[in-house]
file final.cif (mmCIF, C-alpha atoms)
data_data
loop_
_atom_site.label_atom_id
_atom_site.label_comp_id
_atom_site.auth_asym_id
_atom_site.auth_seq_id
_atom_site.Cartn_x
_atom_site.Cartn_y
_atom_site.Cartn_z
CA MET B 1 39.55 -10.92 -1.01
CA ARG B 2 38.78 -14.12 0.92
CA ALA B 3 36.30 -16.47 -0.68
CA LEU B 4 34.66 -19.72 0.31
CA LEU B 5 34.00 -22.16 -2.51
CA ILE B 6 31.11 -24.49 -1.61
CA VAL B 7 31.13 -27.60 -3.80
CA ASN B 8 28.43 -30.23 -4.10
CA PRO B 9 30.50 -33.25 -5.22
CA ASN B 10 27.32 -35.16 -6.10
CA ALA B 11 25.98 -32.53 -8.50
CA THR B 12 25.25 -33.83 -11.99
CA SER B 13 27.96 -32.11 -14.02
CA THR B 14 30.79 -31.86 -11.50
CA SER B 15 33.94 -33.99 -11.56
CA PRO B 16 37.10 -34.15 -9.40
CA ALA B 17 39.24 -32.83 -12.26
CA GLY B 18 36.81 -30.01 -12.96
CA ARG B 19 36.65 -29.03 -9.29
CA ASP B 20 40.45 -28.95 -9.05
CA LEU B 21 40.64 -26.80 -12.17
CA LEU B 22 38.02 -24.45 -10.78
CA ALA B 23 39.81 -24.04 -7.45
CA HIS B 24 43.19 -23.50 -9.11
CA ALA B 25 41.82 -20.89 -11.51
CA LEU B 26 39.92 -18.98 -8.81
CA SER B 27 43.03 -18.85 -6.64
CA SER B 28 44.45 -16.35 -9.13
CA GLN B 29 41.79 -13.84 -8.06
CA VAL B 30 40.92 -14.64 -4.44
CA VAL B 31 42.32 -16.24 -1.29
CA LEU B 32 40.29 -19.42 -1.56
CA SER B 33 38.98 -21.92 0.97
CA VAL B 34 37.12 -24.97 -0.33
CA ALA B 35 34.36 -26.92 1.44
CA HIS B 36 32.54 -29.98 0.08
CA THR B 37 28.97 -30.67 1.13
CA THR B 38 28.31 -34.03 2.77
CA HIS B 39 24.57 -33.98 3.48
CA ARG B 40 21.36 -32.15 2.72
CA GLY B 41 21.40 -28.72 4.36
CA HIS B 42 25.20 -28.66 4.66
CA ALA B 43 25.56 -25.93 2.02
CA ALA B 44 23.26 -23.69 4.08
CA GLU B 45 25.34 -24.33 7.20
CA LEU B 46 28.59 -23.50 5.39
CA ALA B 47 27.12 -20.31 3.90
CA HIS B 48 25.78 -19.21 7.27
CA HIS B 49 29.23 -19.45 8.87
CA ALA B 50 31.12 -17.83 5.97
CA HIS B 51 30.55 -14.31 7.29
CA VAL B 52 31.59 -15.29 10.82
CA ASP B 53 34.77 -16.78 9.37
CA GLY B 54 35.68 -13.44 7.75
CA MET B 55 34.93 -14.34 4.14
CA ASP B 56 34.24 -11.64 1.58
CA LEU B 57 32.53 -13.80 -1.05
CA VAL B 58 30.71 -17.14 -1.32
CA ILE B 59 31.10 -19.14 -4.54
CA VAL B 60 28.83 -22.11 -5.26
CA HIS B 61 29.70 -24.99 -7.58
CA GLY B 62 26.58 -27.13 -7.80
CA GLY B 63 23.05 -27.20 -9.10
CA ASP B 64 20.04 -25.03 -8.36
CA GLY B 65 19.28 -26.95 -5.17
CA THR B 66 22.72 -26.18 -3.76
CA VAL B 67 22.41 -22.52 -4.78
CA ASN B 68 19.04 -22.37 -3.01
CA GLU B 69 20.56 -23.81 0.18
CA VAL B 70 23.40 -21.29 0.11
CA VAL B 71 21.03 -18.34 -0.41
CA ASN B 72 18.88 -19.47 2.51
CA GLY B 73 21.97 -20.03 4.66
CA MET B 74 23.30 -16.55 3.93
CA LEU B 75 20.05 -14.62 4.27
CA GLY B 76 18.40 -16.56 7.07
CA ALA B 77 14.67 -16.53 7.69
CA PRO B 78 12.84 -14.62 4.93
CA SER B 79 11.60 -11.12 5.57
CA ALA B 80 10.67 -8.10 3.50
CA SER B 81 14.06 -6.50 4.29
CA PRO B 82 16.92 -9.04 4.43
CA GLY B 83 19.98 -7.94 6.40
CA PRO B 84 23.62 -7.65 5.29
CA HIS B 85 25.10 -10.67 3.57
CA LEU B 86 28.08 -11.69 1.47
CA PRO B 87 27.94 -11.45 -2.32
CA LEU B 88 27.30 -14.72 -4.16
CA ALA B 89 28.94 -16.17 -7.27
CA VAL B 90 27.81 -19.32 -9.07
CA VAL B 91 29.64 -21.85 -11.25
CA PRO B 92 26.99 -24.24 -12.62
CA GLY B 93 27.30 -27.89 -11.70
CA GLY B 94 23.77 -29.27 -11.93
CA SER B 95 21.48 -30.47 -14.68
CA ALA B 96 19.48 -27.28 -15.37
CA ASN B 97 21.34 -24.40 -13.63
CA VAL B 98 18.44 -22.04 -14.21
CA PHE B 99 19.52 -19.35 -11.74
CA ALA B 100 23.07 -19.05 -13.08
CA ARG B 101 22.02 -19.11 -16.73
CA SER B 102 19.36 -16.47 -16.06
CA LEU B 103 22.19 -14.25 -14.76
CA GLY B 104 24.06 -14.71 -18.02
CA ILE B 105 26.50 -17.30 -16.64
CA ALA B 106 27.56 -19.99 -19.10
CA ALA B 107 26.18 -23.49 -18.49
CA ASP B 108 29.57 -25.14 -19.09
CA PRO B 109 31.58 -25.12 -15.81
CA VAL B 110 34.94 -24.40 -17.51
CA GLU B 111 33.52 -21.53 -19.54
CA ALA B 112 31.68 -20.26 -16.46
CA THR B 113 34.93 -20.35 -14.44
CA ASN B 114 36.71 -18.17 -16.99
CA GLN B 115 33.71 -15.87 -17.04
CA LEU B 116 33.72 -15.60 -13.24
CA ILE B 117 37.42 -14.73 -13.16
CA ASP B 118 36.77 -11.89 -15.61
CA LEU B 119 33.76 -10.68 -13.58
CA LEU B 120 35.81 -10.70 -10.37
CA ALA B 121 38.63 -8.80 -12.03
CA ARG B 122 36.16 -6.14 -13.20
CA GLY B 123 34.31 -6.02 -9.88
CA ALA B 124 31.05 -6.73 -11.75
CA ARG B 125 28.12 -6.97 -9.33
CA ARG B 126 24.35 -6.59 -9.45
CA ARG B 127 21.45 -6.96 -7.04
CA VAL B 128 18.55 -9.25 -7.82
CA GLY B 129 15.12 -9.70 -6.33
CA LEU B 130 14.10 -12.97 -4.71
CA GLY B 131 10.85 -14.61 -3.76
CA TYR B 132 9.93 -16.39 -0.57
CA CYS B 133 7.23 -18.68 0.69
CA ASP B 134 6.83 -21.34 3.35
CA ASN B 135 9.60 -19.55 5.35
CA ARG B 136 12.18 -20.17 2.61
CA TRP B 137 13.75 -18.10 -0.17
CA PHE B 138 13.55 -19.13 -3.82
CA THR B 139 15.66 -17.71 -6.61
CA PHE B 140 13.86 -18.45 -9.89
CA ASN B 141 10.62 -20.41 -9.53
CA ALA B 142 8.16 -22.20 -7.29
CA GLY B 143 4.88 -23.94 -7.90
CA MET B 144 2.02 -26.06 -6.69
CA GLY B 145 0.62 -29.10 -8.43
CA LEU B 146 2.09 -30.44 -11.65
CA ASP B 147 5.67 -29.15 -11.39
CA ALA B 148 5.89 -30.14 -7.74
CA HIS B 149 4.79 -33.69 -8.58
CA VAL B 150 7.47 -33.83 -11.28
CA CYS B 151 10.13 -32.65 -8.82
CA GLU B 152 8.96 -35.27 -6.31
CA THR B 153 9.37 -38.03 -8.89
CA VAL B 154 12.81 -36.84 -10.00
CA ASP B 155 13.95 -36.47 -6.37
CA ASN B 156 12.92 -40.07 -5.70
CA HIS B 157 14.88 -41.22 -8.75
CA ARG B 158 17.91 -39.25 -7.54
CA LYS B 159 17.76 -40.97 -4.15
CA HIS B 160 17.99 -44.30 -5.97
CA GLY B 161 21.09 -43.26 -7.89
CA ARG B 162 19.49 -42.03 -11.12
CA PRO B 163 20.89 -38.59 -12.00
CA PRO B 164 18.27 -36.23 -13.45
CA THR B 165 18.22 -35.65 -17.20
CA PRO B 166 15.88 -33.66 -19.44
CA GLY B 167 14.35 -36.98 -20.50
CA HIS B 168 13.55 -37.85 -16.89
CA TYR B 169 11.76 -34.54 -16.42
CA VAL B 170 9.75 -34.95 -19.62
CA ARG B 171 8.65 -38.49 -18.79
CA ALA B 172 7.77 -37.48 -15.24
CA ALA B 173 5.79 -34.48 -16.51
CA VAL B 174 3.82 -36.56 -19.01
CA ARG B 175 2.99 -39.20 -16.38
CA ALA B 176 2.00 -36.56 -13.81
CA PHE B 177 -0.16 -34.70 -16.32
CA PHE B 178 -2.14 -37.79 -17.35
CA ALA B 179 -2.38 -39.02 -13.75
CA ASP B 180 -4.02 -35.73 -12.73
CA LYS B 181 -5.92 -35.13 -15.95
CA HIS B 182 -9.27 -36.44 -14.75
CA HIS B 183 -9.03 -35.04 -11.23
CA ASP B 184 -11.10 -32.01 -10.29
CA PRO B 185 -9.13 -28.74 -10.00
CA THR B 186 -8.27 -27.93 -6.40
CA LEU B 187 -6.43 -24.59 -6.51
CA THR B 188 -7.54 -20.98 -6.09
CA VAL B 189 -5.18 -18.15 -7.05
CA THR B 190 -5.48 -14.72 -5.44
CA ILE B 191 -3.47 -11.71 -6.64
CA PRO B 192 -3.64 -8.11 -5.37
CA GLY B 193 -6.43 -5.99 -6.78
CA ALA B 194 -8.28 -8.83 -8.48
CA GLU B 195 -10.94 -11.37 -7.64
CA ALA B 196 -9.75 -14.83 -6.63
CA VAL B 197 -9.66 -17.33 -9.50
CA GLY B 198 -10.75 -20.87 -8.72
CA GLY B 199 -10.84 -24.03 -10.79
CA VAL B 200 -7.04 -24.07 -11.23
CA HIS B 201 -5.29 -27.40 -11.82
CA TYR B 202 -1.69 -26.24 -11.35
CA ALA B 203 0.13 -22.95 -10.83
CA PHE B 204 3.71 -21.80 -11.41
CA VAL B 205 5.26 -18.75 -9.73
CA SER B 206 8.31 -17.17 -11.36
CA ASN B 207 10.98 -14.80 -10.10
CA SER B 208 12.75 -14.57 -13.47
CA SER B 209 12.43 -15.61 -17.09
CA PRO B 210 12.92 -18.22 -18.42
CA TRP B 211 10.98 -20.38 -15.96
CA THR B 212 13.34 -23.28 -16.71
CA TYR B 213 15.37 -24.81 -19.55
CA PHE B 214 14.78 -27.89 -21.69
CA GLU B 215 18.43 -28.66 -22.47
CA GLU B 216 19.48 -25.48 -24.33
CA ARG B 217 15.97 -24.25 -25.02
CA PRO B 218 14.46 -21.75 -22.57
CA VAL B 219 10.88 -22.29 -21.38
CA HIS B 220 9.00 -19.00 -20.97
CA THR B 221 5.92 -18.95 -18.75
CA ASN B 222 6.13 -15.27 -17.81
CA PRO B 223 8.42 -13.36 -20.22
CA GLY B 224 7.50 -10.11 -18.47
CA THR B 225 9.06 -11.30 -15.21
CA SER B 226 12.70 -10.64 -14.30
CA PHE B 227 15.05 -10.36 -11.33
CA ASP B 228 14.28 -6.63 -11.40
CA SER B 229 10.49 -7.00 -11.19
CA GLY B 230 7.91 -8.69 -8.98
CA LEU B 231 6.69 -12.26 -9.33
CA GLY B 232 4.90 -13.82 -12.28
CA VAL B 233 2.06 -16.33 -12.00
CA PHE B 234 1.02 -18.90 -14.62
CA ALA B 235 -2.04 -20.98 -13.73
CA MET B 236 -3.99 -23.39 -15.94
CA ARG B 237 -7.72 -23.94 -15.54
CA THR B 238 -7.91 -26.89 -17.92
CA THR B 239 -6.15 -30.19 -18.55
CA ARG B 240 -7.79 -30.76 -21.92
CA LEU B 241 -5.17 -31.98 -24.36
CA VAL B 242 -5.59 -29.52 -27.25
CA PRO B 243 -5.33 -26.33 -25.13
CA THR B 244 -2.46 -27.86 -23.15
CA LEU B 245 -0.48 -28.65 -26.31
CA ARG B 246 -1.20 -25.19 -27.72
CA VAL B 247 0.14 -23.50 -24.58
CA ALA B 248 3.11 -25.91 -24.40
CA ARG B 249 4.11 -24.90 -27.93
CA GLN B 250 4.00 -21.25 -26.88
CA LEU B 251 6.16 -22.01 -23.83
CA LEU B 252 8.89 -23.44 -26.05
CA ALA B 253 8.74 -20.75 -28.75
CA LYS B 254 11.76 -18.48 -29.05
CA ASP B 255 9.59 -15.41 -28.51
CA GLY B 256 7.08 -17.29 -26.36
CA ASP B 257 4.36 -15.16 -24.80
CA PRO B 258 1.76 -17.73 -23.73
CA GLU B 259 -1.91 -16.84 -23.72
CA HIS B 260 -5.15 -18.79 -23.69
CA SER B 261 -8.65 -18.32 -22.35
CA ALA B 262 -7.96 -21.08 -19.80
CA LEU B 263 -4.65 -19.55 -18.71
CA VAL B 264 -4.39 -17.13 -15.79
CA ARG B 265 -1.20 -15.12 -16.21
CA ALA B 266 0.14 -11.98 -14.56
CA ASP B 267 3.56 -10.36 -14.12
CA ASP B 268 5.25 -7.98 -11.68
CA LEU B 269 3.21 -9.01 -8.65
CA PRO B 270 4.28 -8.11 -5.11
CA ARG B 271 2.64 -11.29 -3.82
CA VAL B 272 0.31 -14.11 -4.78
CA ARG B 273 -1.63 -16.55 -2.61
CA ILE B 274 -2.52 -20.06 -3.73
CA THR B 275 -4.88 -22.21 -1.71
CA ALA B 276 -5.94 -25.81 -2.23
CA SER B 277 -9.08 -27.67 -1.22
CA ALA B 278 -6.81 -30.59 -0.26
CA PRO B 279 -3.03 -30.60 0.39
CA ILE B 280 -1.04 -30.55 -2.85
CA GLY B 281 2.66 -30.64 -3.71
CA LEU B 282 4.90 -27.56 -3.38
CA GLN B 283 8.29 -27.09 -5.02
CA MET B 284 10.87 -24.30 -4.88
CA ASP B 285 13.85 -24.03 -7.23
CA GLY B 286 13.29 -27.63 -8.26
CA ASP B 287 13.21 -29.09 -4.74
CA TYR B 288 10.06 -30.88 -3.61
CA LEU B 289 9.01 -29.66 -0.15
CA GLY B 290 5.90 -31.72 0.56
CA ARG B 291 2.18 -30.98 0.48
CA ARG B 292 0.52 -27.73 1.48
CA ASP B 293 -3.01 -26.37 1.40
CA SER B 294 -2.18 -22.64 1.47
CA VAL B 295 0.96 -20.80 0.40
CA GLU B 296 1.69 -17.08 0.02
CA PHE B 297 4.50 -16.18 -2.38
CA VAL B 298 6.15 -12.79 -1.75
CA SER B 299 8.57 -10.74 -3.86
CA VAL B 300 11.52 -8.93 -2.24
CA PRO B 301 13.35 -6.52 -4.60
CA HIS B 302 17.15 -6.20 -4.51
CA ALA B 303 17.44 -8.94 -1.89
CA LEU B 304 20.71 -10.54 -3.04
CA GLU B 305 24.04 -9.25 -4.38
CA VAL B 306 25.57 -11.51 -7.04
CA VAL B 307 28.72 -11.52 -9.14
CA ALA B 308 27.30 -11.00 -12.62
CA ASP B 309 27.32 -8.55 -15.49
CA PRO B 310 24.88 -5.75 -14.54
CA THR B 311 23.88 -5.43 -18.21
CA ALA B 312 23.09 -9.16 -18.72
#

call {"tool": "encode", "arguments": {"input": "final.cif", "output": "structure tokens"}}
result
Amino acid sequence: MRALLIVNPNATSTSPAGRDLLAHALSSQVVLSVAHTTHRGHAAELAHHAHVDGMDLVIVHGGDGTVNEVVNGMLGAPSASPGPHLPLAVVPGGSANVFARSLGIAADPVEATNQLIDLLARGARRRVGLGYCDNRWFTFNAGMGLDAHVCETVDNHRKHGRPPTPGHYVRAAVRAFFADKHHDPTLTVTIPGAEAVGGVHYAFVSNSSPWTYFEERPVHTNPGTSFDSGLGVFAMRTTRLVPTLRVARQLLAKDGDPEHSALVRADDLPRVRITASAPIGLQMDGDYLGRRDSVEFVSVPHALEVVADPTA
């Protein structure tokens, strides 16, 4: 089996020694070629050409942003029926690694490497659903409003040489929440078979659960959502402090199943449309994409084959 290992050398938890160890270990299972990304979008370019170059597998060592690039490079423009593509394997190298961890892959790169070698030896594969919007695939979550503003802030910090940490995300979230607290809600959420819901301050769309991680603790917005189901939506119609803190506590609970009269939540949706009275931030898989005033999020079942335990 020929495999291309795509490495983001600037990812938060990668190191030269770790990358060398990863390549050496994987060479025991596959005929390995290694490519390092050098610019934004490079991972997508490398993934796109992997099939043409006769590869049988693409392995990513980087964070969720790099994984997202590779998925989009392999699958091309989103559609309801993506064409043939190479299977994907992930060795986490970022700060959150939500997609890999949601597949049951260890967060530690060395442990994940050993796990991947075992999975390859067993031929363990599964297919997972993806979401798309704004002509781009996303693997685990997207959103408009609060989370997008947080991603924008963290991206700006990263550009100035400050690697993202859980503390950065928390501080950015608190500042964004209080900055928007007294603004009028601008979003309207429309799901199939139901009346549109207006007066929404921010909305998250999930393709899996957890929605993200706070260090080792999972954050559950839509526990009924998985890679085997449709999308989940979590939309808040208030920024009052007491309801917000009550829902936040539920999000962080081990068996979190958030509910509140001001919370609009639904799971297993084939699509959801979010419109804004004025352009507002959009993020996908933790990458800030700019401001939009209307976005449709669509679920595509079984869109991607990954190297993972089918029972995880």

call {"tool": "residues_around", "arguments": {"input": "final.cif", "residues": "stretch 183-198 of chain B", "least_positions_apart": "5", "cutoff": "7 Å", "atoms": "only C-alpha atoms", "output": "PyMOL selection string"}}
result
chain B and resi 271-278

call {"tool": "residues_around", "arguments": {"input": "final.cif", "residues": "stretch 47-52 of chain B", "least_positions_apart": "3", "cutoff": "9 Å", "atoms": "only C-alpha atoms", "output": "PyMOL selection string"}}
result
chain B and resi 3-4+6+42-44+55-58+69-76+85-86

call {"tool": "closest_atom_pairs", "arguments": {"input": "final.cif", "of": "stretch 7-97 of chain B", "to": "stretch 288-300 of chain B", "cutoff": "9 Å", "atoms": "only C-alpha atoms", "output": "Markdown table"}}
result
| residue | atom | partner | partner_atom | distance |
| --- | --- | --- | --- | --- |
| B:Ser79 | CA | B:Val300 | CA | 8.1 |
| B:Ala80 | CA | B:Val300 | CA | 5.9 |
| B:Ser81 | CA | B:Val300 | CA | 7.4 |
| B:Pro82 | CA | B:Val300 | CA | 8.6 |

call {"tool": "resolve_selection", "arguments": {"input": "final.cif", "expression": "the PyMOL selection byres ((chain B and resi 119) around 12)", "output": "list in words"}}
result
Leu26, Gln29, Ala89, Val90, Gly104, Ile105, Ala112, Thr113, Asn114, Gln115, Leu116, Ile117, Asp118, Leu120, Ala121, Arg122, Gly123, Ala124, Arg125, Arg126, Val306, Val307, Ala308, Asp309, Pro310 and Ala312 of chain B

call {"tool": "residues_near_point", "arguments": {"input": "final.cif", "point": "(14.9, -6.6, -8.5)", "cutoff": "8 Å", "atoms": "only C-alpha atoms", "output": "list in words"}}
result
Arg127, Val128, Gly129, Leu130, Ser226, Phe227, Asp228, Ser229, Gly230, Val300, Pro301, His302 and Ala303 of chain B

call {"tool": "residues_around", "arguments": {"input": "final.cif", "residues": "stretch 137-142 of chain B", "least_positions_apart": "2", "cutoff": "8 Å", "atoms": "all atoms listed in the file", "output": "PDB file with C-alpha atoms, in the coordinates of the input"}}
result
ATOM      1  CA  ASN B  68      19.040 -22.370  -3.010  1.00  0.00           C
ATOM      2  CA  VAL B  71      21.030 -18.340  -0.410  1.00  0.00           C
ATOM      3  CA  ASN B  72      18.880 -19.470   2.510  1.00  0.00           C
ATOM      4  CA  PRO B  78      12.840 -14.620   4.930  1.00  0.00           C
ATOM      5  CA  VAL B  98      18.440 -22.040 -14.210  1.00  0.00           C
ATOM      6  CA  PHE B  99      19.520 -19.350 -11.740  1.00  0.00           C
ATOM      7  CA  LEU B 130      14.100 -12.970  -4.710  1.00  0.00           C
ATOM      8  CA  GLY B 131      10.850 -14.610  -3.760  1.00  0.00           C
ATOM      9  CA  TYR B 132       9.930 -16.390  -0.570  1.00  0.00           C
ATOM     10  CA  CYS B 133       7.230 -18.680   0.690  1.00  0.00           C
ATOM     11  CA  ASN B 135       9.600 -19.550   5.350  1.00  0.00           C
ATOM     12  CA  MET B 144       2.020 -26.060  -6.690  1.00  0.00           C
ATOM     13  CA  PHE B 204       3.710 -21.800 -11.410  1.00  0.00           C
ATOM     14  CA  VAL B 205       5.260 -18.750  -9.730  1.00  0.00           C
ATOM     15  CA  SER B 206       8.310 -17.170 -11.360  1.00  0.00           C
ATOM     16  CA  ASN B 207      10.980 -14.800 -10.100  1.00  0.00           C
ATOM     17  CA  SER B 208      12.750 -14.570 -13.470  1.00  0.00           C
ATOM     18  CA  SER B 209      12.430 -15.610 -17.090  1.00  0.00           C
ATOM     19  CA  TRP B 211      10.980 -20.380 -15.960  1.00  0.00           C
ATOM     20  CA  LEU B 282       4.900 -27.560  -3.380  1.00  0.00           C
ATOM     21  CA  GLN B 283       8.290 -27.090  -5.020  1.00  0.00           C
ATOM     22  CA  MET B 284      10.870 -24.300  -4.880  1.00  0.00           C
ATOM     23  CA  ASP B 285      13.850 -24.030  -7.230  1.00  0.00           C
ATOM     24  CA  GLY B 286      13.290 -27.630  -8.260  1.00  0.00           C
TER      25      GLY B 286
END

call {"tool": "atom_distance", "arguments": {"input": "final.cif", "atom1": "atom CA of B:Met1", "atom2": "atom CA of B:Glu305"}}
result
16.0 Å

call {"tool": "atom_distance", "arguments": {"input": "final.cif", "atom1": "atom CA of B:Ala173", "atom2": "atom CA of B:Tyr202"}}
result
12.3 Å

call {"tool": "residues_around", "arguments": {"input": "final.cif", "residues": "B:Gly93", "least_positions_apart": "4", "cutoff": "7 Å", "atoms": "all atoms listed in the file", "output": "VMD selection string"}}
result
chain B and resid 11 to 14 61 to 63 109

call {"tool": "atom_distance", "arguments": {"input": "final.cif", "atom1": "atom CA of B:Asp64", "atom2": "atom CA of B:Asn10"}}
result
12.7 Å

call {"tool": "resolve_selection", "arguments": {"input": "final.cif", "expression": "the PyMOL selection byres ((chain B and resi 235) around 8)", "output": "number ranges by chain"}}
result
B: 189, 200-204, 233-234, 236-237, 263-265

call {"tool": "closest_residue", "arguments": {"input": "final.cif", "among": "B:Thr238, B:Thr212, B:Ser27, B:Thr244", "to": "B:Ser95", "atoms": "all atoms listed in the file"}}
result
B:Thr212

call {"tool": "closest_residue", "arguments": {"input": "final.cif", "among": "B:Ala100, B:Val31, B:Ala266, B:Val154", "to": "B:Gly232", "atoms": "only C-alpha atoms"}}
result
B:Ala266

call {"tool": "closest_residue", "arguments": {"input": "final.cif", "among": "B:Arg2, B:Pro218, B:Leu304, B:Gly65", "to": "B:Asp155", "atoms": "all atoms listed in the file"}}
result
B:Gly65

call {"tool": "closest_residue", "arguments": {"input": "final.cif", "among": "B:Leu5, B:Ala262, B:Ala172, B:Leu103", "to": "B:Leu32", "atoms": "all atoms listed in the file"}}
result
B:Leu5

call {"tool": "closest_residue", "arguments": {"input": "final.cif", "among": "B:Gly199, B:Lys254, B:Gly281, B:Leu231", "to": "B:Leu146", "atoms": "all atoms listed in the file"}}
result
B:Gly281

call {"tool": "axis_aligned_box", "arguments": {"input": "final.cif", "around": "stretch 198-207 of chain B", "padding_each_side": "5 Å", "output": "JSON"}}
result
{"center_x": 0.1, "center_y": -21.1, "center_z": -10.3, "size_x": 31.8, "size_y": 22.6, "size_z": 13.1}

call {"tool": "closest_residue", "arguments": {"input": "final.cif", "among": "B:Ala96, B:Val7, B:Val30, B:Val110", "to": "B:Thr66", "atoms": "only C-alpha atoms"}}
result
B:Val7

call {"tool": "residues_around", "arguments": {"input": "final.cif", "residues": "B:Ala107", "least_positions_apart": "3", "cutoff": "7 Å", "atoms": "all atoms listed in the file", "output": "PyMOL selection string"}}
result
chain B and resi 92+97+101+112

call {"tool": "write_last_selection", "arguments": {"input": "final.cif", "atoms": "C-alpha atoms", "output": "PDB file, in the frame of the given file"}}
result
ATOM      1  CA  PRO B  92      26.990 -24.240 -12.620  1.00  0.00           C
ATOM      2  CA  ASN B  97      21.340 -24.400 -13.630  1.00  0.00           C
ATOM      3  CA  ARG B 101      22.020 -19.110 -16.730  1.00  0.00           C
ATOM      4  CA  ALA B 112      31.680 -20.260 -16.460  1.00  0.00           C
TER       5      ALA B 112
END

call {"tool": "decode", "arguments": {"input": "final.cif", "residues": "stretch 236-248 of chain B", "atoms": "N, CA and C atoms", "output": "mmCIF file, in the first residue's frame"}}
result
data_model
loop_
_atom_site.group_PDB
_atom_site.id
_atom_site.type_symbol
_atom_site.label_atom_id
_atom_site.label_comp_id
_atom_site.auth_asym_id
_atom_site.auth_seq_id
_atom_site.Cartn_x
_atom_site.Cartn_y
_atom_site.Cartn_z
ATOM 1 N N MET B 236 -29.064 29.861 20.475
ATOM 2 C CA MET B 236 -29.498 30.552 21.683
ATOM 3 C C MET B 236 -30.236 31.844 21.344
ATOM 4 N N ARG B 237 -31.370 32.025 22.016
ATOM 5 C CA ARG B 237 -32.205 33.201 21.793
ATOM 6 C C ARG B 237 -32.085 34.212 22.932
ATOM 7 N N THR B 238 -31.088 34.050 23.769
ATOM 8 C CA THR B 238 -30.836 35.005 24.844
ATOM 9 C C THR B 238 -29.344 35.105 25.096
ATOM 10 N N THR B 239 -28.933 36.251 25.605
ATOM 11 C CA THR B 239 -27.557 36.417 26.108
ATOM 12 C C THR B 239 -27.587 36.821 27.579
ATOM 13 N N ARG B 240 -28.747 36.638 28.226
ATOM 14 C CA ARG B 240 -28.800 36.913 29.660
ATOM 15 C C ARG B 240 -27.854 35.966 30.391
ATOM 16 N N LEU B 241 -27.226 36.463 31.435
ATOM 17 C CA LEU B 241 -26.122 35.746 32.061
ATOM 18 C C LEU B 241 -26.570 34.457 32.751
ATOM 19 N N VAL B 242 -27.649 34.499 33.507
ATOM 20 C CA VAL B 242 -28.065 33.311 34.265
ATOM 21 C C VAL B 242 -28.421 32.143 33.334
ATOM 22 N N PRO B 243 -29.281 32.340 32.324
ATOM 23 C CA PRO B 243 -29.538 31.224 31.397
ATOM 24 C C PRO B 243 -28.283 30.748 30.672
ATOM 25 N N THR B 244 -27.412 31.686 30.309
ATOM 26 C CA THR B 244 -26.183 31.305 29.602
ATOM 27 C C THR B 244 -25.306 30.422 30.477
ATOM 28 N N LEU B 245 -25.149 30.783 31.745
ATOM 29 C CA LEU B 245 -24.323 29.983 32.658
ATOM 30 C C LEU B 245 -24.962 28.618 32.912
ATOM 31 N N ARG B 246 -26.296 28.590 32.989
ATOM 32 C CA ARG B 246 -26.983 27.313 33.211
ATOM 33 C C ARG B 246 -26.749 26.365 32.033
ATOM 34 N N VAL B 247 -26.870 26.886 30.815
ATOM 35 C CA VAL B 247 -26.642 26.049 29.639
ATOM 36 C C VAL B 247 -25.170 25.660 29.529
ATOM 37 N N ALA B 248 -24.260 26.596 29.841
ATOM 38 C CA ALA B 248 -22.825 26.293 29.785
ATOM 39 C C ALA B 248 -22.469 25.149 30.721
#
